[in-house]
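Source file: data24.txt. Holds: compact mmCIF, C-alpha atoms.
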# COMPACT_ATOMS: atom_id res chain seq x y z
CA MET A 19 0.00 0.00 0.00
CA SER A 20 1.39 3.36 -0.98
CA PRO A 21 1.85 5.90 1.82
CA ALA A 22 -0.78 8.58 2.25
CA PRO A 23 0.27 11.98 0.91
CA GLU A 24 1.47 14.40 3.52
CA PRO A 25 -0.87 17.28 4.39
CA GLY A 26 -0.22 20.16 2.04
CA GLY A 27 1.96 18.00 -0.19
CA ALA A 28 -0.07 18.69 -3.33
CA ALA A 29 0.07 22.41 -2.75
CA ALA A 30 3.84 22.51 -2.21
CA PRO A 31 4.81 22.20 -5.92
CA ASP A 32 2.32 24.95 -6.79
CA GLN A 33 3.74 27.22 -4.10
CA HIS A 34 7.24 26.51 -5.39
CA ARG A 35 6.20 27.40 -8.95
CA VAL A 36 4.61 30.63 -7.76
CA ARG A 37 7.71 31.61 -5.78
CA ARG A 38 9.94 30.74 -8.73
CA PHE A 39 7.75 32.75 -11.10
CA LEU A 40 7.85 35.78 -8.78
CA ARG A 41 11.61 35.50 -8.38
CA HIS A 42 12.32 35.05 -12.08
CA ASN A 43 10.03 37.93 -13.06
CA SER A 44 10.55 40.22 -10.06
CA LEU A 45 12.09 43.09 -12.05
CA GLY A 46 9.21 43.42 -14.50
CA LEU A 47 6.58 42.84 -11.80
CA PHE A 48 8.17 45.46 -9.53
CA PHE A 49 8.02 48.16 -12.19
CA LEU A 50 4.51 47.17 -13.31
CA VAL A 51 3.20 47.39 -9.74
CA THR A 52 4.93 50.70 -9.07
CA PHE A 53 3.60 51.99 -12.41
CA VAL A 54 0.03 51.16 -11.39
CA LEU A 55 0.53 52.80 -7.98
CA ALA A 56 2.03 55.92 -9.57
CA LEU A 57 -0.79 56.11 -12.12
CA ALA A 58 -3.37 55.79 -9.34
CA GLY A 59 -1.61 58.49 -7.35
CA GLN A 60 -1.52 60.75 -10.39
CA ALA A 61 -5.25 60.20 -10.91
CA VAL A 62 -6.06 61.17 -7.31
CA ALA A 63 -3.80 64.23 -7.28
CA GLY A 64 -4.88 65.31 -10.75
CA TYR A 65 -8.53 64.94 -9.81
CA ALA A 66 -8.09 67.24 -6.82
CA ALA A 67 -6.15 69.82 -8.84
CA PHE A 68 -8.66 69.72 -11.70
CA ASN A 69 -11.63 70.28 -9.41
CA ASN A 70 -9.80 73.07 -7.59
CA GLN A 71 -9.37 74.82 -10.93
CA LEU A 72 -13.04 74.31 -11.83
CA VAL A 73 -14.16 75.79 -8.52
CA ALA A 74 -11.78 78.72 -8.99
CA ASP A 75 -13.37 79.31 -12.41
CA GLY A 76 -16.85 79.28 -10.82
CA LEU A 77 -17.81 75.87 -12.23
CA ALA A 78 -19.12 72.72 -10.55
CA PRO A 79 -16.60 69.98 -9.74
CA VAL A 80 -16.76 66.65 -11.58
CA GLY A 81 -16.77 63.09 -10.27
CA PHE A 82 -13.65 60.92 -10.15
CA GLY A 83 -14.91 58.64 -12.93
CA ALA A 84 -15.56 61.59 -15.18
CA TYR A 85 -12.07 62.93 -14.56
CA VAL A 86 -10.13 59.71 -15.27
CA THR A 87 -12.01 59.32 -18.56
CA SER A 88 -11.50 62.96 -19.52
CA SER A 89 -9.11 64.39 -22.09
CA ASP A 90 -7.35 66.36 -19.33
CA PHE A 91 -6.25 63.18 -17.56
CA ALA A 92 -5.44 61.39 -20.82
CA VAL A 93 -3.18 64.14 -22.13
CA ASP A 94 -1.27 64.30 -18.84
CA VAL A 95 -0.65 60.54 -19.01
CA THR A 96 0.24 60.26 -22.69
CA GLU A 97 2.61 63.23 -22.72
CA ASN A 98 4.79 61.32 -20.27
CA TRP A 99 4.47 58.01 -22.08
CA GLN A 100 5.57 59.37 -25.42
CA SER A 101 8.70 60.95 -23.96
CA GLU A 102 9.70 57.70 -22.26
CA TYR A 103 9.31 55.67 -25.44
CA LEU A 104 11.13 58.33 -27.44
CA GLN A 105 14.02 57.93 -25.01
CA PHE A 106 14.20 54.17 -25.49
CA PHE A 107 13.67 54.39 -29.25
CA LEU A 108 16.58 56.82 -29.67
CA TYR A 109 18.76 54.94 -27.23
CA ILE A 110 18.23 51.58 -28.94
CA PHE A 111 19.10 52.88 -32.40
CA ALA A 112 21.81 55.35 -31.34
CA THR A 113 23.78 52.70 -29.46
CA VAL A 114 24.08 50.62 -32.63
CA TRP A 115 26.56 53.15 -34.02
CA LEU A 116 27.47 55.63 -31.28
CA LEU A 117 29.95 54.81 -28.53
CA GLN A 118 30.91 56.17 -25.12
CA ARG A 119 34.38 55.22 -23.96
CA GLY A 120 34.33 53.77 -20.46
CA SER A 121 30.55 53.38 -20.18
CA PRO A 122 28.73 50.07 -19.64
CA GLU A 123 25.86 51.66 -21.55
CA SER A 124 28.02 51.57 -24.71
CA LYS A 125 29.16 48.66 -26.85
CA GLU A 126 32.84 47.85 -26.99
CA LEU A 127 34.74 50.41 -29.04
CA ASP A 128 35.47 48.04 -31.94
CA LYS A 129 31.87 46.83 -32.34
CA ALA A 130 30.11 49.89 -33.74
CA GLY A 131 27.48 49.00 -36.34
CA THR A 132 25.08 46.13 -36.85
CA GLU A 133 27.84 43.49 -36.35
CA SER A 134 28.32 40.29 -38.30
CA ASP A 135 25.76 37.51 -38.77
CA LYS A 136 27.97 35.26 -36.68
CA ASP A 137 28.09 37.71 -33.78
CA GLN A 138 24.32 38.19 -33.93
CA MET A 139 23.58 34.47 -34.46
CA VAL A 140 21.34 35.03 -37.48
CA GLY A 141 20.83 33.08 -40.70
CA GLU A 142 23.00 29.99 -40.81
CA HIS A 143 24.52 30.98 -37.46
CA ALA A 144 21.21 30.64 -35.60
CA THR A 145 21.08 27.90 -33.00
CA ALA A 146 18.35 25.52 -31.91
CA ASP A 147 17.44 27.92 -29.10
CA SER A 148 17.33 30.98 -31.36
CA PRO A 149 13.97 32.62 -32.14
CA ARG A 150 12.59 31.09 -35.33
CA TRP A 151 12.72 34.28 -37.38
CA ALA A 152 16.42 34.77 -36.56
CA ALA A 153 17.21 31.95 -39.00
CA TYR A 154 15.50 33.65 -41.95
CA LYS A 155 17.45 35.98 -44.24
CA ASP A 156 14.38 37.44 -45.96
CA TRP A 157 12.04 40.19 -44.73
CA ARG A 158 11.25 38.19 -41.59
CA GLY A 159 14.85 38.28 -40.46
CA VAL A 160 15.15 41.97 -41.34
CA VAL A 161 12.04 42.88 -39.35
CA PHE A 162 12.86 40.69 -36.36
CA SER A 163 16.42 41.99 -36.16
CA ARG A 164 15.01 45.51 -35.70
CA SER A 165 11.77 44.64 -33.93
CA LEU A 166 12.64 46.12 -30.53
CA GLY A 167 13.43 49.56 -31.90
CA LEU A 168 10.47 49.46 -34.29
CA VAL A 169 8.02 48.61 -31.51
CA MET A 170 9.44 51.31 -29.23
CA GLY A 171 9.24 53.83 -32.08
CA GLY A 172 5.70 52.73 -32.94
CA ILE A 173 4.53 53.14 -29.34
CA PHE A 174 6.16 56.58 -29.24
CA LEU A 175 4.34 57.69 -32.39
CA LEU A 176 1.04 56.24 -31.19
CA SER A 177 1.29 57.87 -27.77
CA TRP A 178 2.38 61.18 -29.34
CA LEU A 179 -0.63 61.03 -31.67
CA THR A 180 -2.88 60.24 -28.71
CA GLN A 181 -1.38 63.15 -26.82
CA SER A 182 -2.15 65.48 -29.70
CA VAL A 183 -5.78 64.31 -29.95
CA THR A 184 -6.46 64.44 -26.22
CA GLY A 185 -4.41 67.61 -25.93
CA VAL A 186 -6.52 69.53 -28.43
CA ALA A 187 -9.69 68.29 -26.71
CA ALA A 188 -8.43 69.46 -23.31
CA TYR A 189 -7.23 72.73 -24.80
CA ASN A 190 -10.59 73.40 -26.44
CA GLU A 191 -12.46 72.62 -23.23
CA GLU A 192 -10.39 75.23 -21.47
CA GLN A 193 -10.98 77.69 -24.32
CA LEU A 194 -14.74 77.20 -24.06
CA ARG A 195 -14.69 77.67 -20.29
CA ARG A 196 -13.06 81.03 -20.96
CA PHE A 197 -15.60 81.82 -23.69
CA GLN A 198 -12.88 81.73 -26.35
CA ALA A 199 -12.97 80.04 -29.75
CA PRO A 200 -11.70 76.44 -29.98
CA THR A 201 -8.94 75.46 -32.37
CA THR A 202 -8.45 72.68 -34.90
CA TRP A 203 -6.21 69.64 -34.43
CA ALA A 204 -3.88 70.79 -37.23
CA HIS A 205 -3.52 74.23 -35.67
CA TYR A 206 -2.94 72.73 -32.23
CA LEU A 207 0.02 70.70 -33.57
CA SER A 208 1.86 73.97 -34.20
CA SER A 209 0.75 75.61 -30.96
CA ALA A 210 2.94 76.54 -28.03
CA ASP A 211 0.81 74.39 -25.69
CA PHE A 212 1.51 71.18 -27.64
CA TRP A 213 5.24 71.76 -28.00
CA ASP A 214 5.62 72.95 -24.43
CA ARG A 215 4.06 69.68 -23.22
CA SER A 216 6.30 67.64 -25.51
CA LEU A 217 9.65 69.38 -25.13
CA GLN A 218 9.52 69.73 -21.35
CA ASN A 219 9.40 65.94 -21.16
CA TRP A 220 11.87 65.26 -23.95
CA GLN A 221 14.65 67.37 -22.45
CA SER A 222 14.41 65.64 -19.07
CA GLU A 223 14.51 62.14 -20.60
CA LEU A 224 17.47 62.94 -22.86
CA LEU A 225 19.38 64.50 -19.96
CA ALA A 226 18.75 61.39 -17.85
CA VAL A 227 20.14 59.09 -20.57
CA ALA A 228 23.23 61.25 -21.09
CA SER A 229 23.80 61.40 -17.33
CA MET A 230 23.52 57.62 -16.98
CA ALA A 231 25.96 56.97 -19.84
CA ILE A 232 28.55 59.40 -18.43
CA PHE A 233 28.15 58.83 -14.67
CA ALA A 234 28.51 55.06 -15.20
CA ILE A 235 32.06 55.65 -16.47
CA TYR A 236 33.27 56.78 -13.06
CA LEU A 237 30.64 55.58 -10.56
CA ARG A 238 29.64 52.04 -9.59
CA GLN A 239 26.66 50.12 -8.21
CA ARG A 240 27.77 46.74 -6.94
CA GLY A 241 25.75 43.86 -8.38
CA SER A 242 23.85 45.94 -10.96
CA PRO A 243 24.06 45.06 -14.68
CA GLU A 244 23.73 48.79 -15.36
CA SER A 245 27.14 49.34 -13.72
CA LYS A 246 30.62 48.06 -14.39
CA PRO A 247 32.18 45.77 -11.78
CA VAL A 248 33.38 47.86 -8.85
CA GLY A 249 37.03 47.18 -9.62
CA ALA A 250 36.78 47.73 -13.39
CA SER A 251 38.90 50.44 -14.96
CA HIS A 252 37.25 53.74 -15.79
CA SER A 253 38.27 53.15 -19.41
CA ALA A 254 36.62 49.69 -19.62
CA THR A 255 33.82 49.93 -22.18
CA GLY A 256 30.80 47.70 -22.66
CA VAL A 257 31.51 45.75 -19.47
CA GLU A 258 28.59 45.01 -17.12
CA GLY A 259 28.78 44.08 -13.44

Starting from the coordinates I provided, produce the structure as structure tokens.
Amino acid sequence: MSPAPEPGGAAAPDQHRVRRFLRHNSLGLFFLVTFVLALAGQAVAGYAAFNNQLVADGLAPVGFGAYVTSSDFAVDVTENWQSEYLQFFLYIFATVWLLQRGSPESKELDKAGTESDKDQMVGEHATADSPRWAAYKDWRGVVFSRSLGLVMGGIFLLSWLTQSVTGVAAYNEEQLRRFQAPTTWAHYLSSADFWDRSLQNWQSELLAVASMAIFAIYLRQRGSPESKPVGASHSATGVEG
């Protein structure tokens, strides 16, 4: 007769799988959770500020549901999203060719460019573990070999377009509250309001990337792949800790 299963024995493998999943995906989960918390905090703070402005203008405040589905909230969210994806889009493509001596954010100084098929494990150099499209040398291989940058660029353009649409709606609502004439979407694209929203985010993201690339030459964070090993030379390039 086989021994009876221990209490909780069936649940133990499931608990182990859950713990392993959380551990193996902790970086992505951490940033997704903090993103949701930050978005919720922005919604609460923005709701209070929006209603304060309505009351100051002599208008009735709106409900929380009405605010989070409004163009005012949407434009505030998307103007930040598009700048973040612009940052990654530019960084992904710029680091193919551009180098920074001594930075772990740069490739090694002799590897500028798209590199050889052997280095990139494409075509006949693909392995059994390689993604299927890496083995193709037709349009599938071309698209897949640039898919990360293309997706980041596509999300940037989509979020920038969304910002422009929600931005003109929010702008026109404010114009009507002030008994002024609304504007068209095309005219809004050349307005100071649209470019002020865009450029104030772009400059901060580009400064952050430049700072990271340069500070990482001389400063260290032990155990982080974004830093060189603590004892690595300042001139070591493309080395991660």

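Atom CA of A:Leu225 is found 21.4 Å from atom CA of A:Phe49.
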
Counting all atoms listed in the file, what are the residues of stretch 180-237 of chain A within 7 Å of stretch 96-101 of chain A, and for each of them which pair of atoms is the nearest and at what distance in Å, to one decimal? Sort the table by chain and rising number, as CSV.
residue,atom,partner,partner_atom,distance
A:Thr180,CA,A:Thr96,CA,6.8
A:Gln181,CA,A:Thr96,CA,5.3
A:Arg215,CA,A:Glu97,CA,6.6
A:Ser216,CA,A:Glu97,CA,6.4
A:Asn219,CA,A:Ser101,CA,5.8
A:Trp220,CA,A:Ser101,CA,5.4
A:Glu223,CA,A:Ser101,CA,6.8

Excluding A:Val86 and its own-chain neighbours fewer than 2 positions away, which residues fall within 12 Å of it when counting all atoms listed in the file? Please give them as a short mmCIF file (atom, residue, chain, number, x, y, z; two decimals) with C-alpha atoms, in the coordinates of the input.
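Output contents, as saved in part.cif:
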data_model
loop_
_atom_site.label_atom_id
_atom_site.label_comp_id
_atom_site.auth_asym_id
_atom_site.auth_seq_id
_atom_site.Cartn_x
_atom_site.Cartn_y
_atom_site.Cartn_z
CA LEU A 57 -0.79 56.11 -12.12
CA ALA A 58 -3.37 55.79 -9.34
CA GLY A 59 -1.61 58.49 -7.35
CA GLN A 60 -1.52 60.75 -10.39
CA ALA A 61 -5.25 60.20 -10.91
CA VAL A 62 -6.06 61.17 -7.31
CA ALA A 63 -3.80 64.23 -7.28
CA GLY A 64 -4.88 65.31 -10.75
CA TYR A 65 -8.53 64.94 -9.81
CA ALA A 66 -8.09 67.24 -6.82
CA PHE A 68 -8.66 69.72 -11.70
CA VAL A 80 -16.76 66.65 -11.58
CA GLY A 81 -16.77 63.09 -10.27
CA PHE A 82 -13.65 60.92 -10.15
CA GLY A 83 -14.91 58.64 -12.93
CA ALA A 84 -15.56 61.59 -15.18
CA SER A 88 -11.50 62.96 -19.52
CA SER A 89 -9.11 64.39 -22.09
CA ASP A 90 -7.35 66.36 -19.33
CA PHE A 91 -6.25 63.18 -17.56
CA ALA A 92 -5.44 61.39 -20.82
CA VAL A 93 -3.18 64.14 -22.13
CA ASP A 94 -1.27 64.30 -18.84
CA VAL A 95 -0.65 60.54 -19.01
#

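Non-sequential neighbours of A:Ala231 (distance at most 6 Å, separation of 2 or more positions within a chain, all atoms listed in the file) are A:Ser121, A:Glu123, A:Ala228, A:Ser229, A:Phe233, A:Ala234.
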
Dump C-alpha atoms for the selected residues as a CSV table (one decimal), keeping the file's coordinate frame?
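Output contents, as saved in out-v9.csv:
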chain,number,residue,atom,x,y,z
A,121,SER,CA,30.6,53.4,-20.2
A,123,GLU,CA,25.9,51.7,-21.6
A,228,ALA,CA,23.2,61.2,-21.1
A,229,SER,CA,23.8,61.4,-17.3
A,233,PHE,CA,28.2,58.8,-14.7
A,234,ALA,CA,28.5,55.1,-15.2

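With all atoms listed in the file as the basis for measurement, A:Asn190 is the residue among A:Asn43, A:Asn190, A:Ser124, A:Gln218 that approaches A:His205 most closely.
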
Taking into account only C-alpha atoms, which residue in the set A:Gly256, A:Trp115, A:Val169, A:Ala144 is nearest to A:Thr132? A:Trp115

What's around A:Ile235 at 9 Å? Count all atoms listed in the file, leave out sequence neighbours fewer than 6 positions away in its own chain, and write the answer as a ChimeraX atom specification. /A:118-123,245-246,251-255

What does the distance between atom CA of A:Thr87 and atom CA of A:Glu102 come to in Å, to one decimal place? 22.1 Å

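Nearest residue to A:Val257, choosing from A:His143, A:Arg41, A:Arg195, A:Arg238 and counting only C-alpha atoms: A:Arg238.
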
Find the spatial neighbours of A:Leu108, counting all atoms listed in the file, within a cut-off of 9 Å - ignore same-chain residues fewer than 4 positions away - and output them as a ChimeraX atom specification. /A:103-104,112-113,167,171

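Proximity of A:Thr201, A:Met230, A:Ala78, A:Trp157 to A:Gly185, computed with only C-alpha atoms, is greatest for A:Thr201.
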
Residues within 12 Å of A:Leu77, only C-alpha atoms, excluding chain neighbours under 3 positions, as a PyMOL selection string: chain A and resi 68-74+80+192+195-196

All file atoms of stretch 232-251 of chain A boxed axis-aligned, 3 Å per side, centre plus edges, as lines of an AutoDock Vina configuration file:
center_x = 31.3
center_y = 51.6
center_z = -12.7
size_x = 21.2
size_y = 21.5
size_z = 17.5

Coordinates-based distance that separates atom CA of A:Leu217 from atom CA of A:Ala199 (Å, one decimal): 25.4 Å

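Of the residues under consideration (A:Ser222, A:Leu55, A:Trp203, A:Val114), A:Trp203 shows the shortest atom-to-atom contact distance to A:Ala188 when counting only C-alpha atoms.
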
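Nearest residue to A:Asp211, choosing from A:Leu194, A:Leu47, A:Ile232, A:Val186 and counting all atoms listed in the file: A:Val186.
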